[in-house]
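Trainee: Supplied in C-alpha cells, the structure appears directly below.
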Amino acid sequence: MKTQVAIIGAGPSGLLLGQLLHKQGISNIILERKSSGYVLGRIRAGVLEHTTVQGLEKAGAAERMHREGLVHEGVELVFDREKYRVDFTEAVGKSVVVYGQTEVTRDLMDARAATGGLTVYEAEDVALHGIDTDAPYVTYAKDGQTHRIDCDFIAGCDGFHGVSRQSIPADVLKTYERVYPFGWLGLLSDTPPVSHELIYVKHPDGFALCSQRSETRSRYYLQVPLTDKVEDWPDERFWAELKNRLYPEAAGRLVTGPSLEKSIAPLRSFVSEPMRYHKLFLAGDAAHIVPPTGAKGLNLAAGDVQCLADALADYYHNRSTAGIDGYSARCLKRVWAAERFSWYMTKLLHTFPDSDDFEQKMQEAEFNQLVLTENGAKTLAENYVGLPY
Ligand code: RFL
Ligand code: PHB
C-alpha cells in the first residue's frame with residue numbers, strides 16, 4: 001500500500017490529524033494497535049479549549065459537540081474549605097466546552113468512516129523504517145501476514161507508550177520528566193453532577209475534582225497514594241471520601257450511585273525534544289505528558305495536529321518546507337506553557353506526602369495570590385481556557 005502520510009495511533013491525535021489531512025486532500029492511513037471498542041472504552045479527558053473546538057470544526061466532526069457539549073464560563077477552586085470562583089468570561093472573555101474524550105473519539109471515528117478513510121485496527125508489531133531517508137515506510141502484522149505502507153511522512157500519534165518516539169535515535173532526543181508521588185482515582189457514574197461547574201478541591205487529606213460528562217453523568221477524581229489499587233476503593237468508600245474533601249454544602253448536595261468505571265492514573269510531566277526527526281513527526285502524548293490537573297493533554301494533542309496539518313498542507317500545496325521545518329519549535333512553545341501551568345496547578349492543589357510547614361504556607365500564599373490579585377485570577381483563566389497554538 002502507498003499513502004502520503006502514515007499515521008500511527010487512532011487516539012484523538014491520530015484521528016483528528018487524519019480528518020484534517022483528508023480535508024486538505026492529503027491521503028493517509030491510520031494504524032492502531034487496539035480494537036475500536038477498546039479505544040472508545042478509555043475514559044479520559046473532559047475539557048475542550050476553544051482551539052480544540054475549532055480543530056473539530058475544521059475536521060467536520062463538531063456537530064454533536066455543539067449540540068451536546070456544555071459551555072463552562074468558570075470553575076470553582078476550594079482551598080482548605082475556602083471557596084473561590086474563577087470567572088473565565090469576566091477575566092478573559094472566553095469559555096471552555098465540557099465534552100468527553102470518548103465522545104470526541106466517537107465523532108472523529110464516524111467522520112472518518114463517512115469519508116471512507118482507512119483505519120487498520122488491531123495492527124500488531126508496527127515498525128517504522130527509513131525515517132531519515134526519502135523513502136520511509138511502515139510495516140505491521142495483521143491476520144498472520146506482514147503488510148507494508150510506503151509513504152512520504154510518518155505521524156507518530158501513538159501515545160506515551162508508543163513505538164514512534166522509540167524509533168528516534170536516543171542520542172537525538174532530550175527528555176524532561178517529573179513523576180508525582182500520587183495518582184488520581186477516577187469514578188464515572190450516571191448521577192447528576194454536584195455543581196453545574198467543575199470544582200477543584202485542595203484538602204489536607206488530598207485533592208478532589210468534581211467534573212461531568214453531561215447533566216446526568218458525573219466524573220469525580222480523588223488523589224490517592226500510588227500504592228492503592230482500585231479494589232481498595234469500593235464505591236461506598238469513594239463517595240464517603242469525596243464528601244469528606246468537599247465543603248459541607250456541596251457534600252450535602254452530592255448524589256451518589258453505582259460506578260460505571262473506576263481507574264487509577266499516575267501523574268507525570270514529560271517532554272521529549274525535538275518533535276520532528278526527518279520524516280517522522282511526533283504529536284500528542286507521544287511527545288509530551290502533563291498531569292491532568294490543568295486539563296491540557298487532549299488540548300495539546302489537538303494543537304499539535306492542527307499545526308502539523310497546516311504544515312503538511314503548505315508542503316503539498318505550495319512546496320514550502322517552512323511549516324514542517326518550524327513544527328517542533330512552534331509546538332514546543334505551547335507545550336512548555338501547558339507543562340508549566342499543569343505543574344503549577346498540581347503543586348497548588350495536591351497534598352504532597354513530604355511537604356513541610358514552609359511549603360504548606362507557600363501553597364496557601366499561592367492560593368491567596370489568586371484570591372487577592374486581579375492578575376492572579378486572570379493568568380489562571382487565560383491558561384485554563386487555552387493559549388493560541
Ligand atoms: P492516546 O489517546 O494515548 O492515543 C494513542 C493511540 O496510539 C495507540 N498505540 C499504537 N498504535 C499502533 N502501534 C503501536 N505500537 C501503538 N502504541 C500505541 C494506542 O492504542 C492509542 O489508541 O494519545 P493521543 O491521541 O496523543 O491523545 C492524548 C490524550 O488522550 C491525553 O492527552 C488526554 O486524555 C489527557 N487527559 C486530559 N486532557 C485534557 O485535555 N483535558 C482533560 O480534562 C484530561 N483529563 C487526561 C485526563 C488523561 C487521563 N489519563 C487517564 C491519563 C484525565 C485522565 C484521568
Ligand atoms: C475530566 O472531566 O475528566 C477532567 C476535567 C478536568 C481536569 C481533568 C479531568 O482537569
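For the C-alpha cells, the naming scheme is as follows: chains receive sequential letters (A, B, ...) according to their order of presentation, residues are indexed from 1 within each chain, and ligands are indexed from 1 in presentation order.
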Using only C-alpha atoms, which residues sit within 12 Å of His129 in chain A once same-chain residues fewer than 2 positions away are excluded, as a PyMOL selection string?
Mentor: chain A and resi 6+126-127+131-140+148-154+163-164+167-168+278-280
Trainee: Could you tell me, as a ChimeraX atom specification, which residues of range 19-114 of chain A DSSP assigns to strand (DSSP E) when given the backbone?
Mentor: /A:28-31,47-48,70-72,74-79,82-87,96-98
Trainee: Could you tell me, counting only C-alpha atoms and all ligand atoms, which protein and nucleic acid residues lie no more than 7 Å from ligand 1, written as a PyMOL selection string?
Mentor: chain A and resi 8-14+31-34+39+43-48+101+123-126+157-163+184+186+265+283-286+289+292+295-301
Trainee: Using only C-alpha atoms, find the one residue out of A:Arg178, A:Arg112, A:Arg81, A:Arg340 that sits nearest to Asn28 in chain A.
Mentor: A:Arg112
Trainee: Please, which residues of range 28-125 of chain A, numbered as in this document, come out alpha helix (DSSP H) from DSSP, as a ChimeraX atom specification?
Mentor: /A:36-41,50-58,63-68,88-92,101-114
Trainee: Which one of A:Leu267, A:Leu332, A:Ala170, A:Ala309 sits closest to Leu15 in chain A if you count only C-alpha atoms?
Mentor: A:Ala309
Trainee: When you count only C-alpha atoms and all ligand atoms, which of these residues is closest to ligand 2: A:Gly323, A:Gly206, A:Pro248, A:Gly294?
Mentor: A:Gly294
Trainee: Smallest atom-to-atom distance to ligand 2: which of A:Val78, A:Ala114, A:Val5, A:Ala208, using only C-alpha atoms and all ligand atoms?
Mentor: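 Distance minimum relative to ligand 2 lands on A:Ala208.
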Trainee: Pick out the residues sitting within 9 Å of range 89-98 of chain A, and hand them over as an MDAnalysis selection string; count only C-alpha atoms, and ignore anything fewer than 6 positions along from it in its own chain.
Mentor: chainID A and resid 46:50 53 65:66 69:74 211:214 374:375 377:379 381:382 384:386
Trainee: Measuring between only C-alpha atoms, which one of A:His203, A:Ser189, A:Val172, A:Phe341 shows the shortest distance to Pro274 in chain A?
Mentor: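 Looking at the shortest contact to Pro274 in chain A, the residue is A:Val172.
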